[in-house]
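Visitor: Got a file for you: my_file21.cif, mmCIF, C-alpha atoms and all ligand atoms.
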```cif
data_my_file
loop_
_atom_site.label_atom_id
_atom_site.label_comp_id
_atom_site.auth_asym_id
_atom_site.auth_seq_id
_atom_site.Cartn_x
_atom_site.Cartn_y
_atom_site.Cartn_z
CA MET B 202 39.47 -28.30 128.20
CA ASN B 203 42.42 -27.33 130.42
CA LYS B 204 41.87 -27.58 134.12
CA PRO B 205 42.40 -24.50 136.25
CA GLU B 206 45.96 -24.13 137.56
CA ASN B 207 45.06 -24.93 141.15
CA SER B 208 42.92 -28.00 140.52
CA ALA B 209 43.81 -31.08 142.59
CA VAL B 210 46.10 -33.42 140.66
CA ILE B 211 46.88 -35.88 143.46
CA GLU B 212 43.90 -36.88 145.61
CA ALA B 213 43.77 -39.27 148.54
CA ILE B 214 40.14 -39.68 149.52
CA GLY B 215 39.54 -41.55 152.78
CA LEU B 216 42.26 -44.14 152.18
CA SER B 217 42.56 -46.96 154.70
CA LYS B 218 44.62 -50.13 154.42
CA PHE B 219 44.16 -52.98 156.85
CA TYR B 220 46.44 -55.97 157.31
CA GLY B 221 44.15 -58.23 159.34
CA PRO B 222 42.98 -56.06 162.23
CA PHE B 223 45.99 -53.70 161.90
CA ALA B 224 45.41 -50.40 160.10
CA ALA B 225 48.60 -49.38 158.27
CA ILE B 226 46.75 -46.17 157.25
CA SER B 227 43.37 -44.84 158.42
CA ASP B 228 41.12 -42.43 156.57
CA VAL B 229 43.97 -40.61 154.84
CA SER B 230 42.73 -37.64 152.81
CA PHE B 231 44.61 -34.79 151.15
CA GLN B 232 44.78 -33.01 147.81
CA ILE B 233 47.85 -31.68 146.04
CA PRO B 234 47.13 -28.98 143.46
CA ARG B 235 48.87 -28.74 140.10
CA GLY B 236 52.44 -27.47 140.30
CA GLN B 237 52.89 -27.95 144.03
CA VAL B 238 55.81 -29.77 145.67
CA ALA B 239 54.54 -31.44 148.83
CA ALA B 240 56.62 -33.30 151.39
CA PHE B 241 55.03 -36.36 152.89
CA LEU B 242 56.58 -36.43 156.31
CA GLY B 243 56.40 -38.87 159.19
CA PRO B 244 58.52 -41.21 161.31
CA ASN B 245 59.41 -44.80 160.37
CA GLY B 246 56.37 -46.99 159.93
CA ALA B 247 53.93 -44.05 159.89
CA GLY B 248 52.27 -45.12 156.63
CA LYS B 249 54.05 -43.06 153.95
CA SER B 250 54.93 -45.94 151.62
CA THR B 251 51.53 -47.56 152.05
CA THR B 252 49.78 -44.31 151.09
CA MET B 253 52.09 -43.83 148.09
CA LYS B 254 51.45 -47.38 146.89
CA CYS B 255 47.70 -46.70 147.09
CA LEU B 256 48.13 -43.39 145.23
CA THR B 257 50.02 -45.08 142.39
CA GLY B 258 47.64 -48.05 142.11
CA PHE B 259 50.26 -50.59 143.26
CA LEU B 260 48.20 -51.46 146.30
CA ALA B 261 44.42 -51.56 146.60
CA PRO B 262 43.20 -49.74 149.71
CA THR B 263 40.70 -51.49 151.99
CA HIS B 264 38.58 -48.33 151.86
CA GLY B 265 38.79 -45.08 149.95
CA THR B 266 39.87 -43.87 146.53
CA ALA B 267 43.03 -42.47 144.98
CA LYS B 268 42.85 -40.19 141.96
CA ILE B 269 45.55 -38.79 139.73
CA GLY B 270 44.49 -35.99 137.39
CA GLY B 271 40.89 -36.92 138.19
CA HIS B 272 41.42 -40.57 137.16
CA ASP B 273 40.67 -43.29 139.70
CA VAL B 274 43.98 -45.20 139.85
CA LEU B 275 42.28 -48.59 140.03
CA GLU B 276 39.25 -48.09 137.78
CA ASP B 277 40.96 -45.90 135.19
CA ARG B 278 44.40 -47.43 135.59
CA MET B 279 45.91 -46.73 132.16
CA ALA B 280 44.99 -43.03 132.11
CA ALA B 281 46.31 -42.57 135.65
CA ALA B 282 49.51 -44.56 135.00
CA LYS B 283 50.42 -42.35 132.03
CA MET B 284 50.44 -39.35 134.36
CA ILE B 285 52.47 -40.93 137.17
CA GLY B 286 56.20 -41.29 137.60
CA TYR B 287 56.76 -43.42 140.70
CA LEU B 288 60.00 -44.02 142.54
CA PRO B 289 59.19 -46.90 144.92
CA GLU B 290 61.02 -47.29 148.21
CA ASN B 291 63.42 -49.98 147.08
CA GLY B 292 63.42 -49.36 143.36
CA PRO B 293 61.70 -51.49 140.70
CA LEU B 294 65.03 -52.59 139.40
CA TYR B 295 65.97 -55.77 137.65
CA ALA B 296 69.41 -56.50 139.07
CA GLU B 297 70.77 -58.42 136.09
CA MET B 298 69.87 -55.73 133.57
CA THR B 299 72.01 -52.68 132.83
CA PRO B 300 70.50 -49.19 133.20
CA GLN B 301 70.49 -49.11 129.38
CA SER B 302 68.50 -52.32 128.89
CA PHE B 303 66.23 -51.64 131.90
CA LEU B 304 65.30 -48.11 130.80
CA LYS B 305 64.79 -49.20 127.20
CA TYR B 306 62.55 -52.03 128.39
CA MET B 307 60.53 -49.69 130.64
CA GLY B 308 60.15 -47.16 127.83
CA GLU B 309 58.91 -49.80 125.40
CA ALA B 310 56.53 -51.17 128.03
CA ARG B 311 55.09 -47.67 128.38
CA GLY B 312 54.54 -47.45 124.66
CA LEU B 313 57.16 -44.86 123.75
CA LYS B 314 57.87 -44.84 120.02
CA ARG B 315 61.43 -45.36 118.74
CA GLN B 316 62.55 -41.73 118.30
CA GLN B 317 60.61 -40.54 121.34
CA LEU B 318 62.25 -43.28 123.42
CA LYS B 319 65.69 -42.30 122.17
CA ASP B 320 65.10 -38.64 123.03
CA ARG B 321 63.74 -39.47 126.47
CA LEU B 322 66.61 -41.87 127.20
CA ASP B 323 69.11 -39.13 126.30
CA TYR B 324 67.25 -36.74 128.58
CA VAL B 325 67.01 -39.01 131.66
CA VAL B 326 70.58 -40.28 131.31
CA GLU B 327 71.80 -36.68 131.31
CA GLN B 328 69.48 -35.44 134.08
CA CYS B 329 70.24 -38.39 136.35
CA ALA B 330 73.97 -38.45 135.41
CA LEU B 331 73.94 -42.11 134.44
CA GLY B 332 76.41 -41.88 131.55
CA GLY B 333 79.31 -43.52 133.43
CA VAL B 334 77.34 -46.60 134.49
CA TYR B 335 74.96 -47.02 131.56
CA GLY B 336 76.32 -50.43 130.51
CA LYS B 337 77.03 -51.86 133.97
CA ALA B 338 74.77 -54.45 135.66
CA ILE B 339 72.38 -52.74 138.10
CA SER B 340 73.36 -55.30 140.78
CA LYS B 341 76.93 -53.90 140.65
CA LEU B 342 75.92 -50.26 141.10
CA SER B 343 76.21 -48.32 144.34
CA LYS B 344 73.04 -47.42 146.23
CA GLY B 345 73.25 -43.85 144.92
CA TYR B 346 73.42 -44.95 141.28
CA ARG B 347 70.61 -47.47 141.77
CA GLN B 348 68.49 -44.65 143.18
CA ARG B 349 69.29 -42.55 140.12
CA VAL B 350 68.27 -45.39 137.80
CA GLY B 351 64.98 -45.48 139.73
CA MET B 352 64.58 -41.74 139.22
CA ALA B 353 65.35 -42.13 135.52
CA GLN B 354 62.59 -44.75 135.07
CA ALA B 355 60.16 -42.49 136.97
CA LEU B 356 60.90 -39.63 134.55
CA LEU B 357 61.09 -41.64 131.36
CA HIS B 358 57.58 -41.07 129.99
CA ASP B 359 57.64 -37.38 131.03
CA PRO B 360 54.80 -37.77 133.53
CA GLU B 361 52.99 -34.76 134.94
CA VAL B 362 52.99 -36.17 138.47
CA LEU B 363 55.95 -37.53 140.43
CA ILE B 364 55.47 -39.67 143.50
CA LEU B 365 58.88 -40.23 145.03
CA ASP B 366 59.33 -42.49 148.05
CA GLU B 367 62.42 -41.28 149.91
CA PRO B 368 64.35 -40.15 146.83
CA THR B 369 67.47 -39.25 148.82
CA ALA B 370 67.54 -42.23 151.20
CA GLY B 371 71.00 -43.77 151.43
CA LEU B 372 72.72 -41.14 149.30
CA ASP B 373 75.90 -39.28 150.22
CA PRO B 374 75.78 -35.48 150.68
CA ASN B 375 76.88 -34.79 147.08
CA GLN B 376 74.28 -37.13 145.68
CA ILE B 377 71.60 -35.66 147.97
CA HIS B 378 72.47 -32.22 146.62
CA GLN B 379 72.21 -33.44 143.01
CA VAL B 380 68.85 -35.16 143.57
CA ARG B 381 67.46 -32.07 145.34
CA ASP B 382 68.63 -29.89 142.44
CA LEU B 383 66.97 -32.28 140.00
CA ILE B 384 63.70 -32.20 141.96
CA THR B 385 63.84 -28.40 142.10
CA ARG B 386 64.27 -28.26 138.31
CA LEU B 387 61.44 -30.74 137.80
CA SER B 388 59.17 -28.77 140.13
CA GLU B 389 58.97 -26.03 137.51
CA THR B 390 56.74 -28.22 135.38
CA LYS B 391 55.46 -31.04 137.58
CA THR B 392 53.33 -31.80 140.62
CA ILE B 393 55.43 -33.67 143.16
CA LEU B 394 54.75 -35.65 146.33
CA LEU B 395 57.92 -36.91 148.00
CA SER B 396 58.30 -38.76 151.24
CA THR B 397 61.14 -38.13 153.62
CA HIS B 398 62.00 -37.89 157.27
CA ILE B 399 64.77 -35.38 156.64
CA LEU B 400 63.54 -31.99 157.79
CA GLN B 401 66.17 -29.95 155.92
CA GLU B 402 64.96 -31.61 152.75
CA VAL B 403 61.46 -30.33 153.37
CA GLU B 404 62.67 -26.76 153.75
CA ALA B 405 64.98 -27.07 150.74
CA ILE B 406 62.44 -28.25 148.19
CA ALA B 407 58.82 -28.29 149.35
CA GLY B 408 56.16 -25.66 149.86
CA ARG B 409 53.68 -27.88 151.65
CA VAL B 410 53.86 -30.54 154.33
CA VAL B 411 51.47 -33.44 154.81
CA PHE B 412 52.41 -35.20 158.04
CA ILE B 413 51.36 -38.77 158.84
CA PHE B 414 51.72 -40.54 162.15
CA ASN B 415 50.37 -43.93 163.19
CA GLY B 416 48.57 -44.11 159.85
CA ARG B 417 46.66 -40.84 160.29
CA ILE B 418 47.20 -37.36 158.92
CA VAL B 419 48.09 -35.19 161.91
CA PHE B 420 49.19 -31.99 160.11
CA ASP B 421 48.61 -30.49 156.68
CA GLY B 422 49.95 -27.02 156.02
CA THR B 423 52.69 -24.88 154.56
CA VAL B 424 56.37 -25.38 155.31
CA ALA B 425 56.25 -21.98 157.05
CA GLU B 426 53.47 -23.24 159.33
CA MET B 427 55.40 -26.43 160.04
CA ALA B 428 58.46 -24.34 160.90
CA ALA B 429 56.51 -21.77 162.97
CA GLY B 430 58.58 -20.83 165.98
CA GLY B 431 61.69 -21.52 163.94
CA ASP B 432 61.97 -25.13 164.98
CA MET B 433 60.67 -27.81 162.68
CA GLU B 434 62.28 -30.52 164.76
CA ALA B 435 60.29 -29.47 167.82
CA LYS B 436 57.11 -29.54 165.72
CA PHE B 437 58.04 -33.04 164.49
CA ARG B 438 58.41 -34.21 168.11
CA GLU B 439 55.19 -32.49 169.14
CA LEU B 440 53.23 -34.15 166.33
CA THR B 441 54.61 -37.58 167.12
CA THR B 442 53.98 -37.40 170.85
CA THR B 443 50.72 -35.49 171.36
CA ALA B 444 49.07 -37.51 168.60
CA ALA B 445 50.31 -40.83 170.00
N1 LIG T 1 52.41 -56.13 153.91
C1 LIG T 1 52.27 -55.70 155.17
N2 LIG T 1 51.77 -56.50 156.13
C2 LIG T 1 51.63 -56.07 157.40
N3 LIG T 1 51.99 -54.83 157.84
C3 LIG T 1 52.51 -54.01 156.92
C4 LIG T 1 52.69 -54.37 155.55
N4 LIG T 1 53.22 -53.32 154.88
C5 LIG T 1 53.37 -52.34 155.79
N5 LIG T 1 52.95 -52.75 157.00
C6 LIG T 1 52.95 -51.96 158.25
O1 LIG T 1 52.22 -50.77 158.00
C7 LIG T 1 52.80 -49.69 158.71
C8 LIG T 1 53.11 -48.57 157.73
O2 LIG T 1 54.20 -48.98 156.91
P1 LIG T 1 54.83 -48.04 155.77
O3 LIG T 1 55.88 -48.84 155.07
O4 LIG T 1 53.73 -47.48 154.97
O5 LIG T 1 55.49 -46.89 156.66
P2 LIG T 1 56.51 -45.74 156.20
O6 LIG T 1 56.00 -44.47 156.80
O7 LIG T 1 56.73 -45.77 154.74
O8 LIG T 1 57.84 -46.18 156.97
P3 LIG T 1 59.41 -45.94 156.60
O9 LIG T 1 59.67 -44.48 156.77
O10 LIG T 1 60.10 -46.78 157.66
O11 LIG T 1 59.63 -46.45 155.21
C9 LIG T 1 54.02 -50.23 159.43
O12 LIG T 1 53.65 -50.54 160.77
C10 LIG T 1 54.33 -51.48 158.63
O13 LIG T 1 55.00 -52.44 159.44
#
```
Any chance you could put this one into structure tokens?

Guide:
Amino acid sequence: MNKPENSAVIEAIGLSKFYGPFAAISDVSFQIPRGQVAAFLGPNGAGKSTTMKCLTGFLAPTHGTAKIGGHDVLEDRMAAAKMIGYLPENGPLYAEMTPQSFLKYMGEARGLKRQQLKDRLDYVVEQCALGGVYGKAISKLSKGYRQRVGMAQALLHDPEVLILDEPTAGLDPNQIHQVRDLITRLSETKTILLSTHILQEVEAIAGRVVFIFNGRIVFDGTVAEMAAGGDMEAKFRELTTTAA
């Protein structure tokens, strides 16, 4: 049975992660409905990457549950993993491999059949503009190209959900533009949570803002609400001082 259009596809339910006595995130809860693009905003060290690792099943929370498409990411790992495309902060890249061998390896690991893998490789290489560097060692690629290889692996199995940790970090303005265009195209068919601290990025691609500070959610609303008064930067400062 198909789920209703607005059902929650990404769910953080009371997530906390402790390192010793230090709480990297505390009681983080939010839901992203199908088809929404949500920006996960917050200053350095706020807890964005930790939350995303919990949502993708890469890190077990101390408390709480993460669900993707209704599947608990730890207890129903395979079903959840099929639905998730994850771009980690520093890329899951094997430096000695080429984009070609890395993407082929990732596709095979995810169980894509021969023809399906070929079709998907053609698609991601075109969408992420990797043609010129396809046979070059990943270690020799610029930061921007490495980021695109990371995007390509996230898209490879055509997942319904994309969790992108700072997809435009370290890119030049042209590359930022290309990645934003790609995300906008993908948003037509996918549910996306992307972390950033770039406010223009939020306005350019997202409809919703989930704001984290000191490991706690301090704002959850529309981009229009975040930009109320015409000044998102002022709101950013307000949220990171009054909540301190
Ligand atoms: N393995 C770890 N051990 C101890 N503390 C950690 C660990 N991983 C993260 N932290 C701490 O948890 C907090 C949240 O880190 P996290 O990487 O989630 O923040 P972030 O919002 O993604 O930051 P940035 O925008 O700088 O990437 C930080 O204070 C960080 O130092």

Visitor: Would you please work out which residue, of B:Gln316, B:Ser396, B:Gln401, B:Gln301, is nearest to ligand LIG 1 (chain T) when using all atoms listed in the file?

Guide: B:Ser396

Visitor: Quick check, in Å to one decimal: how far apart do atom C8 of ligand LIG 1 (chain T) and atom CA of Gly371 of chain B lie?

Guide: 19.6 Å

Visitor: Give me the residues within 9 Å of Phe259 of chain B as a list in words, counting all atoms listed in the file and dropping any in the same chain fewer than 3 places off.

Guide: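 Near neighbours after the sequence-gap exclusion: Met253, Lys254, Cys255, Leu256, Val274 and Leu275 of chain B.
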
Visitor: Which one is closest to Asp277 of chain B: B:Asp382, B:Gly258, B:Ile377, B:Gly246? Count all atoms listed in the file.

Guide: B:Gly258

Visitor: Enumerate as a list in words the residues within 6 Å of ligand LIG 1 (chain T), counting all atoms listed in the file.

Guide: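 Using all atoms listed in the file, I find these residues within 6 Å of ligand LIG 1 (chain T): Tyr220, Ala225, Pro244, Asn245, Gly246, Ala247, Gly248, Lys249, Ser250 and Thr251 of chain B.
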
Visitor: To one decimal place, how far is atom CA of Pro222 of chain B from atom CA of Asp273 of chain B in Å?

Guide: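 Between atom CA of Pro222 of chain B and atom CA of Asp273 of chain B the gap works out to 26.0 Å.
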
Visitor: When you look at Thr392 of chain B with a cut-off of 7 Å (counting all atoms listed in the file), what residues show up, excluding the ones that are within fewer than 6 positions of it in the same chain? I need them as a ChimeraX atom specification.

Guide: /B:235-238,361-363

Visitor: So that I can check the surroundings of Glu426 of chain B, please list as a list in words every protein, DNA and RNA residue that reaches within 10 Å of it, counting only C-alpha atoms and ignoring chain neighbours fewer than 6 positions away.

Guide: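 So the residues in contact are Arg409, Val410, Phe420, Met433 and Lys436 of chain B.
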
Visitor: Might you pull out every residue within 9 Å of Ala355 of chain B, with all atoms listed in the file counted and same-chain residues fewer than 3 positions away left off, and present them as a list in words?

Guide: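 What passes the distance filter is Ile285, Gly286, Tyr287, Leu288, Val350, Gly351, Met352, His358, Asp359, Pro360, Leu363, Ile364 and Leu365 of chain B.
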
Visitor: Return the single residue from B:Leu356, B:Glu297, B:Val380, B:Ala224 that is closest to Leu318 of chain B, with distances computed using all atoms listed in the file.

Guide: B:Leu356

Visitor: So which residues touch Thr369 of chain B within 9 Å, counting all atoms listed in the file, skipping near sequence neighbours fewer than 6 positions away, as a list in words?

Guide: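 Answer for this query is Gly345, Gln348, Gln376, Ile377, His378, Val380, Arg381, Thr397 and Glu402 of chain B.
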
Visitor: Next, dump the selected residues to file, keeping only C-alpha atoms, as a compact mmCIF listing (two decimals), keeping the file's coordinate frame.

Guide:
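To be explicit, this is the file written out as selection.txt:
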```
# COMPACT_ATOMS: atom_id res chain seq x y z
CA GLY B 345 73.25 -43.85 144.92
CA GLN B 348 68.49 -44.65 143.18
CA GLN B 376 74.28 -37.13 145.68
CA ILE B 377 71.60 -35.66 147.97
CA HIS B 378 72.47 -32.22 146.62
CA VAL B 380 68.85 -35.16 143.57
CA ARG B 381 67.46 -32.07 145.34
CA THR B 397 61.14 -38.13 153.62
CA GLU B 402 64.96 -31.61 152.75
```

Visitor: Would you mind reading off the distance between atom CA of Ser230 of chain B and atom CA of Ala425 of chain B, one decimal, in Å?

Guide: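 Going from atom CA of Ser230 of chain B over to atom CA of Ala425 of chain B, I get 21.1 Å.
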
Visitor: Given the point (75.6, -54.9, 142.9) in the file's coordinates, find the residues that have an atom at most 12 Å from it, counting all atoms listed in the file, and give them as a ChimeraX atom specification.

Guide: /B:294-299,334,337-347

Visitor: Pick out the closest residue to His398 of chain B from this set: B:Ala240, B:Ala435, B:Ala209, B:Ala330. Count only C-alpha atoms.

Guide: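 Using only C-alpha atoms, the shortest distance to His398 of chain B belongs to B:Ala240.
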
Visitor: Enumerate, as number ranges by chain, the protein, DNA and RNA residues whose atoms approach (46.0, -33.2, 142.1) to within 7 Å, taking into account all atoms listed in the file and the coordinate frame of the file.

Guide: B: 208-212, 232-235, 269-270

Visitor: Check the smallest atom-to-atom distance from each of B:Glu367, B:Ala267, B:Val424, B:Ala429 to Leu394 of chain B using only C-alpha atoms, then report the winner.

Guide: B:Glu367

Visitor: So, with only C-alpha atoms as the atoms that count, which of B:Ile406, B:Val326, B:Met279, B:Ile214 lies closest to Thr252 of chain B?

Guide: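 Using only C-alpha atoms, Thr252 of chain B sits closest to B:Ile214.
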
Visitor: Could you add N, CA and C atoms to segment 388-424 of chain B and give me the result as a PDB file, keeping the file's coordinate frame?

Guide:
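out-v2.pdb, written as the output of this step:
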```pdb
ATOM      1  N   SER B 388      60.341 -29.401 139.499  1.00  0.00           N
ATOM      2  CA  SER B 388      59.170 -28.770 140.130  1.00  0.00           C
ATOM      3  C   SER B 388      58.641 -27.604 139.309  1.00  0.00           C
ATOM      4  N   GLU B 389      59.453 -27.127 138.355  1.00  0.00           N
ATOM      5  CA  GLU B 389      58.970 -26.030 137.510  1.00  0.00           C
ATOM      6  C   GLU B 389      57.809 -26.476 136.615  1.00  0.00           C
ATOM      7  N   THR B 390      57.774 -27.759 136.310  1.00  0.00           N
ATOM      8  CA  THR B 390      56.740 -28.220 135.380  1.00  0.00           C
ATOM      9  C   THR B 390      55.855 -29.350 135.934  1.00  0.00           C
ATOM     10  N   LYS B 391      56.191 -29.846 137.119  1.00  0.00           N
ATOM     11  CA  LYS B 391      55.460 -31.040 137.580  1.00  0.00           C
ATOM     12  C   LYS B 391      54.860 -30.869 138.981  1.00  0.00           C
ATOM     13  N   THR B 392      53.908 -31.728 139.284  1.00  0.00           N
ATOM     14  CA  THR B 392      53.330 -31.800 140.620  1.00  0.00           C
ATOM     15  C   THR B 392      54.042 -32.948 141.329  1.00  0.00           C
ATOM     16  N   ILE B 393      54.557 -32.679 142.530  1.00  0.00           N
ATOM     17  CA  ILE B 393      55.430 -33.670 143.160  1.00  0.00           C
ATOM     18  C   ILE B 393      55.008 -33.941 144.611  1.00  0.00           C
ATOM     19  N   LEU B 394      54.911 -35.234 144.934  1.00  0.00           N
ATOM     20  CA  LEU B 394      54.750 -35.650 146.330  1.00  0.00           C
ATOM     21  C   LEU B 394      55.956 -36.516 146.662  1.00  0.00           C
ATOM     22  N   LEU B 395      56.743 -36.115 147.666  1.00  0.00           N
ATOM     23  CA  LEU B 395      57.920 -36.910 148.000  1.00  0.00           C
ATOM     24  C   LEU B 395      57.952 -37.186 149.488  1.00  0.00           C
ATOM     25  N   SER B 396      58.254 -38.420 149.829  1.00  0.00           N
ATOM     26  CA  SER B 396      58.300 -38.760 151.240  1.00  0.00           C
ATOM     27  C   SER B 396      59.728 -38.639 151.747  1.00  0.00           C
ATOM     28  N   THR B 397      59.823 -38.302 153.011  1.00  0.00           N
ATOM     29  CA  THR B 397      61.140 -38.130 153.620  1.00  0.00           C
ATOM     30  C   THR B 397      60.970 -38.094 155.124  1.00  0.00           C
ATOM     31  N   HIS B 398      62.047 -38.303 155.870  1.00  0.00           N
ATOM     32  CA  HIS B 398      62.000 -37.890 157.270  1.00  0.00           C
ATOM     33  C   HIS B 398      63.117 -36.900 157.540  1.00  0.00           C
ATOM     34  N   ILE B 399      63.680 -36.359 156.473  1.00  0.00           N
ATOM     35  CA  ILE B 399      64.770 -35.380 156.640  1.00  0.00           C
ATOM     36  C   ILE B 399      64.171 -33.972 156.581  1.00  0.00           C
ATOM     37  N   LEU B 400      64.227 -33.274 157.704  1.00  0.00           N
ATOM     38  CA  LEU B 400      63.540 -31.990 157.790  1.00  0.00           C
ATOM     39  C   LEU B 400      64.180 -30.921 156.902  1.00  0.00           C
ATOM     40  N   GLN B 401      65.516 -30.948 156.778  1.00  0.00           N
ATOM     41  CA  GLN B 401      66.170 -29.950 155.920  1.00  0.00           C
ATOM     42  C   GLN B 401      65.717 -30.082 154.472  1.00  0.00           C
ATOM     43  N   GLU B 402      65.405 -31.346 154.109  1.00  0.00           N
ATOM     44  CA  GLU B 402      64.960 -31.610 152.750  1.00  0.00           C
ATOM     45  C   GLU B 402      63.626 -30.905 152.485  1.00  0.00           C
ATOM     46  N   VAL B 403      62.769 -30.943 153.497  1.00  0.00           N
ATOM     47  CA  VAL B 403      61.460 -30.330 153.370  1.00  0.00           C
ATOM     48  C   VAL B 403      61.626 -28.838 153.097  1.00  0.00           C
ATOM     49  N   GLU B 404      62.473 -28.200 153.912  1.00  0.00           N
ATOM     50  CA  GLU B 404      62.670 -26.760 153.750  1.00  0.00           C
ATOM     51  C   GLU B 404      63.343 -26.440 152.425  1.00  0.00           C
ATOM     52  N   ALA B 405      64.225 -27.343 151.967  1.00  0.00           N
ATOM     53  CA  ALA B 405      64.980 -27.070 150.740  1.00  0.00           C
ATOM     54  C   ALA B 405      64.108 -27.162 149.495  1.00  0.00           C
ATOM     55  N   ILE B 406      63.131 -28.055 149.478  1.00  0.00           N
ATOM     56  CA  ILE B 406      62.440 -28.250 148.190  1.00  0.00           C
ATOM     57  C   ILE B 406      60.928 -28.146 148.200  1.00  0.00           C
ATOM     58  N   ALA B 407      60.293 -28.221 149.372  1.00  0.00           N
ATOM     59  CA  ALA B 407      58.820 -28.290 149.350  1.00  0.00           C
ATOM     60  C   ALA B 407      58.178 -26.988 149.804  1.00  0.00           C
ATOM     61  N   GLY B 408      56.926 -26.812 149.406  1.00  0.00           N
ATOM     62  CA  GLY B 408      56.160 -25.660 149.860  1.00  0.00           C
ATOM     63  C   GLY B 408      55.069 -26.076 150.841  1.00  0.00           C
ATOM     64  N   ARG B 409      54.806 -27.356 150.878  1.00  0.00           N
ATOM     65  CA  ARG B 409      53.680 -27.880 151.650  1.00  0.00           C
ATOM     66  C   ARG B 409      54.125 -29.125 152.391  1.00  0.00           C
ATOM     67  N   VAL B 410      53.541 -29.344 153.552  1.00  0.00           N
ATOM     68  CA  VAL B 410      53.860 -30.540 154.330  1.00  0.00           C
ATOM     69  C   VAL B 410      52.561 -31.279 154.660  1.00  0.00           C
ATOM     70  N   VAL B 411      52.535 -32.561 154.334  1.00  0.00           N
ATOM     71  CA  VAL B 411      51.470 -33.440 154.810  1.00  0.00           C
ATOM     72  C   VAL B 411      52.161 -34.407 155.763  1.00  0.00           C
ATOM     73  N   PHE B 412      51.712 -34.426 157.019  1.00  0.00           N
ATOM     74  CA  PHE B 412      52.410 -35.200 158.040  1.00  0.00           C
ATOM     75  C   PHE B 412      51.538 -36.375 158.475  1.00  0.00           C
ATOM     76  N   ILE B 413      52.108 -37.563 158.445  1.00  0.00           N
ATOM     77  CA  ILE B 413      51.360 -38.770 158.840  1.00  0.00           C
ATOM     78  C   ILE B 413      52.026 -39.407 160.045  1.00  0.00           C
ATOM     79  N   PHE B 414      51.200 -39.861 160.955  1.00  0.00           N
ATOM     80  CA  PHE B 414      51.720 -40.540 162.150  1.00  0.00           C
ATOM     81  C   PHE B 414      50.734 -41.614 162.555  1.00  0.00           C
ATOM     82  N   ASN B 415      51.238 -42.794 162.838  1.00  0.00           N
ATOM     83  CA  ASN B 415      50.370 -43.930 163.190  1.00  0.00           C
ATOM     84  C   ASN B 415      49.235 -44.104 162.181  1.00  0.00           C
ATOM     85  N   GLY B 416      49.543 -43.876 160.912  1.00  0.00           N
ATOM     86  CA  GLY B 416      48.570 -44.110 159.850  1.00  0.00           C
ATOM     87  C   GLY B 416      47.537 -43.027 159.661  1.00  0.00           C
ATOM     88  N   ARG B 417      47.641 -41.931 160.425  1.00  0.00           N
ATOM     89  CA  ARG B 417      46.660 -40.840 160.290  1.00  0.00           C
ATOM     90  C   ARG B 417      47.344 -39.520 159.978  1.00  0.00           C
ATOM     91  N   ILE B 418      46.662 -38.690 159.216  1.00  0.00           N
ATOM     92  CA  ILE B 418      47.200 -37.360 158.920  1.00  0.00           C
ATOM     93  C   ILE B 418      47.031 -36.496 160.183  1.00  0.00           C
ATOM     94  N   VAL B 419      48.165 -35.980 160.678  1.00  0.00           N
ATOM     95  CA  VAL B 419      48.090 -35.190 161.910  1.00  0.00           C
ATOM     96  C   VAL B 419      48.440 -33.712 161.663  1.00  0.00           C
ATOM     97  N   PHE B 420      48.901 -33.390 160.449  1.00  0.00           N
ATOM     98  CA  PHE B 420      49.190 -31.990 160.110  1.00  0.00           C
ATOM     99  C   PHE B 420      49.173 -31.871 158.594  1.00  0.00           C
ATOM    100  N   ASP B 421      48.604 -30.769 158.121  1.00  0.00           N
ATOM    101  CA  ASP B 421      48.610 -30.490 156.680  1.00  0.00           C
ATOM    102  C   ASP B 421      48.673 -28.979 156.541  1.00  0.00           C
ATOM    103  N   GLY B 422      49.817 -28.475 156.112  1.00  0.00           N
ATOM    104  CA  GLY B 422      49.950 -27.020 156.020  1.00  0.00           C
ATOM    105  C   GLY B 422      51.181 -26.632 155.235  1.00  0.00           C
ATOM    106  N   THR B 423      51.512 -25.357 155.293  1.00  0.00           N
ATOM    107  CA  THR B 423      52.690 -24.880 154.560  1.00  0.00           C
ATOM    108  C   THR B 423      53.952 -25.221 155.343  1.00  0.00           C
ATOM    109  N   VAL B 424      55.083 -25.166 154.630  1.00  0.00           N
ATOM    110  CA  VAL B 424      56.370 -25.380 155.310  1.00  0.00           C
ATOM    111  C   VAL B 424      56.551 -24.309 156.379  1.00  0.00           C
TER     112      VAL B 424
END
```
